[in-house]
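See below for structure16.cif, which holds mmCIF, C-alpha atoms.
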data_final
#
loop_
_atom_site.group_PDB
_atom_site.id
_atom_site.type_symbol
_atom_site.label_atom_id
_atom_site.label_comp_id
_atom_site.auth_asym_id
_atom_site.auth_seq_id
_atom_site.Cartn_x
_atom_site.Cartn_y
_atom_site.Cartn_z
ATOM 1 C CA MET V 9 0.000 0.000 0.000
ATOM 2 C CA ARG V 10 1.335 3.449 -0.944
ATOM 3 C CA LYS V 11 1.770 6.275 1.518
ATOM 4 C CA PRO V 12 -0.308 9.392 0.901
ATOM 5 C CA ALA V 13 1.547 12.297 -0.702
ATOM 6 C CA ARG V 14 2.963 14.889 1.699
ATOM 7 C CA ARG V 15 1.454 18.322 1.746
ATOM 8 C CA GLU V 16 3.854 20.866 0.292
ATOM 9 C CA ASN V 17 2.575 23.925 2.171
ATOM 10 C CA ARG V 18 3.239 22.743 5.730
ATOM 11 C CA THR V 19 4.605 25.129 8.329
ATOM 12 C CA PRO V 20 8.249 24.293 9.134
ATOM 13 C CA PRO V 21 8.852 22.823 12.614
ATOM 14 C CA GLY V 22 9.317 25.503 15.245
ATOM 15 C CA HIS V 23 7.562 28.189 13.186
ATOM 16 C CA ARG V 24 4.050 29.450 13.697
ATOM 17 C CA PRO V 25 1.795 30.377 10.789
ATOM 18 C CA THR V 26 1.300 34.040 9.973
ATOM 19 C CA LYS V 27 -2.046 35.232 11.275
ATOM 20 C CA ILE V 28 -4.447 38.008 10.312
ATOM 21 C CA THR V 29 -3.906 41.652 11.221
ATOM 22 C CA PHE V 30 -5.804 43.466 13.941
ATOM 23 C CA GLY V 31 -7.368 45.593 11.184
ATOM 24 C CA ASP V 32 -8.727 42.454 9.470
ATOM 25 C CA MET V 33 -10.054 41.251 12.792
ATOM 26 C CA ARG V 34 -11.793 44.563 13.501
ATOM 27 C CA MET V 35 -13.368 44.542 10.014
ATOM 28 C CA MET V 36 -15.046 41.261 11.063
ATOM 29 C CA GLY V 37 -16.429 43.035 14.134
ATOM 30 C CA VAL V 38 -14.112 41.380 16.658
ATOM 31 C CA ARG V 39 -12.528 43.671 19.276
ATOM 32 C CA GLY V 40 -10.939 41.174 21.672
ATOM 33 C CA VAL V 41 -8.277 38.480 21.690
ATOM 34 C CA LEU V 42 -7.774 35.231 23.570
ATOM 35 C CA ILE V 43 -4.199 34.575 24.656
ATOM 36 C CA TYR V 44 -3.151 31.013 25.504
ATOM 37 C CA CYS V 45 0.130 29.939 27.111
ATOM 38 C CA SER V 46 2.374 28.178 24.584
ATOM 39 C CA ASP V 47 2.968 25.326 27.055
ATOM 40 C CA TYR V 48 0.148 22.831 26.533
ATOM 41 C CA ARG V 49 0.625 21.498 30.096
ATOM 42 C CA CYS V 50 -0.014 24.942 31.614
ATOM 43 C CA SER V 51 -3.261 25.735 29.760
ATOM 44 C CA HIS V 52 -3.385 29.271 31.197
ATOM 45 C CA SER V 53 -5.405 31.749 29.155
ATOM 46 C CA ILE V 54 -6.704 35.292 29.346
ATOM 47 C CA ALA V 55 -9.067 37.476 27.320
ATOM 48 C CA LEU V 56 -7.941 41.024 26.468
ATOM 49 C CA SER V 57 -9.226 43.963 24.495
ATOM 50 C CA ALA V 58 -7.396 44.356 21.180
ATOM 51 C CA ASP V 59 -7.825 48.134 21.085
ATOM 52 C CA ARG V 60 -4.225 48.754 22.212
ATOM 53 C CA TRP V 61 -2.661 47.369 18.998
ATOM 54 C CA ALA V 62 -2.540 49.156 15.630
ATOM 55 C CA ASP V 63 -4.427 47.845 12.586
ATOM 56 C CA GLU V 64 -1.326 46.817 10.608
ATOM 57 C CA ILE V 65 0.090 44.522 13.339
ATOM 58 C CA ARG V 66 -0.481 40.792 12.902
ATOM 59 C CA LEU V 67 -1.639 38.605 15.780
ATOM 60 C CA SER V 68 1.406 36.388 15.177
ATOM 61 C CA ASP V 69 3.708 39.443 15.595
ATOM 62 C CA ILE V 70 2.818 39.866 19.270
ATOM 63 C CA GLU V 71 2.907 36.180 20.276
ATOM 64 C CA PRO V 72 6.614 36.084 21.291
ATOM 65 C CA ARG V 73 6.169 39.140 23.565
ATOM 66 C CA PHE V 74 3.913 37.428 26.101
ATOM 67 C CA VAL V 75 5.177 35.719 29.247
ATOM 68 C CA CYS V 76 2.778 33.451 31.130
ATOM 69 C CA TRP V 77 2.339 34.680 34.698
ATOM 70 C CA LYS V 78 1.363 31.198 35.824
ATOM 71 C CA CYS V 79 4.322 29.127 34.559
ATOM 72 C CA GLY V 80 6.765 31.817 33.318
ATOM 73 C CA ARG V 81 7.097 30.476 29.771
ATOM 74 C CA ARG V 82 7.645 32.988 26.967
ATOM 75 C CA GLY V 83 5.396 32.871 23.920
ATOM 76 C CA ALA V 84 1.669 32.541 23.424
ATOM 77 C CA ASP V 85 -1.016 31.596 20.964
ATOM 78 C CA VAL V 86 -3.124 34.681 20.174
ATOM 79 C CA ARG V 87 -6.547 34.188 18.586
ATOM 80 C CA PRO V 88 -9.555 36.415 17.881
ATOM 81 C CA ASP V 89 -12.185 36.339 20.617
ATOM 82 C CA PHE V 90 -15.423 36.030 18.667
ATOM 83 C CA ASN V 91 -17.411 36.235 21.912
ATOM 84 C CA TRP V 92 -15.670 39.393 23.162
ATOM 85 C CA ASN V 93 -18.944 41.220 23.813
ATOM 86 C CA LYS V 94 -20.722 38.378 25.635
ATOM 87 C CA PRO V 95 -21.042 38.526 29.442
ATOM 88 C CA VAL V 96 -18.834 36.250 31.517
ATOM 89 C CA VAL V 97 -20.674 33.377 33.185
ATOM 90 C CA PRO V 98 -19.527 33.620 36.830
ATOM 91 C CA ALA V 99 -20.336 30.009 37.713
ATOM 92 C CA ILE V 100 -17.583 28.544 35.551
ATOM 93 C CA GLY V 101 -15.399 31.574 34.822
ATOM 94 C CA TYR V 102 -15.658 31.310 31.044
ATOM 95 C CA ARG V 103 -17.890 32.926 28.468
#
Kindly present the structure from the file in structure tokens form.
Amino acid sequence: MRKPARRENRTPPGHRPTKITFGDMRMMGVRGVLIYCSDYRCSHSIALSADRWADEIRLSDIEPRFVCWKCGRRGADVRPDFNWNKPVVPAIGYR
């Protein structure tokens, strides 16, 4: 049996894909970001307003700047928060 062909457009190991800009995100009506610790064992996350960053900056540009205040690891996964305007449910701490 033959192996399936490898995908040519894979992201090289150790590199993160380039993400959308904050301007693109705001055009979709999203004004917040979710920031996840890059250590999968930590699983710490936080939701922030994206108003502090300029439109031309990419989400992937700010990822190396974050340091987790739970485990101390540098780097994060930054994603648009599509539920940024929903109230927080206090019983479980998530939206």
Name the residues that the PyMOL selection byres ((chain V and resi 76) around 9) picks from the file above, as a ChimeraX atom specification, using the file's chain letters and numbers. /V:44-46,50,52-53,74-75,77-84
Run the PyMOL selection byres ((chain V and resi 88) around 12) on the file and write out the hits as a PyMOL selection string. chain V and resi 27-44+54-58+66-68+85-87+89-92
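Computed from the coordinates, the CA of Ser51 (chain V) to CA of Glu71 (chain V) distance equals 15.4 Å.
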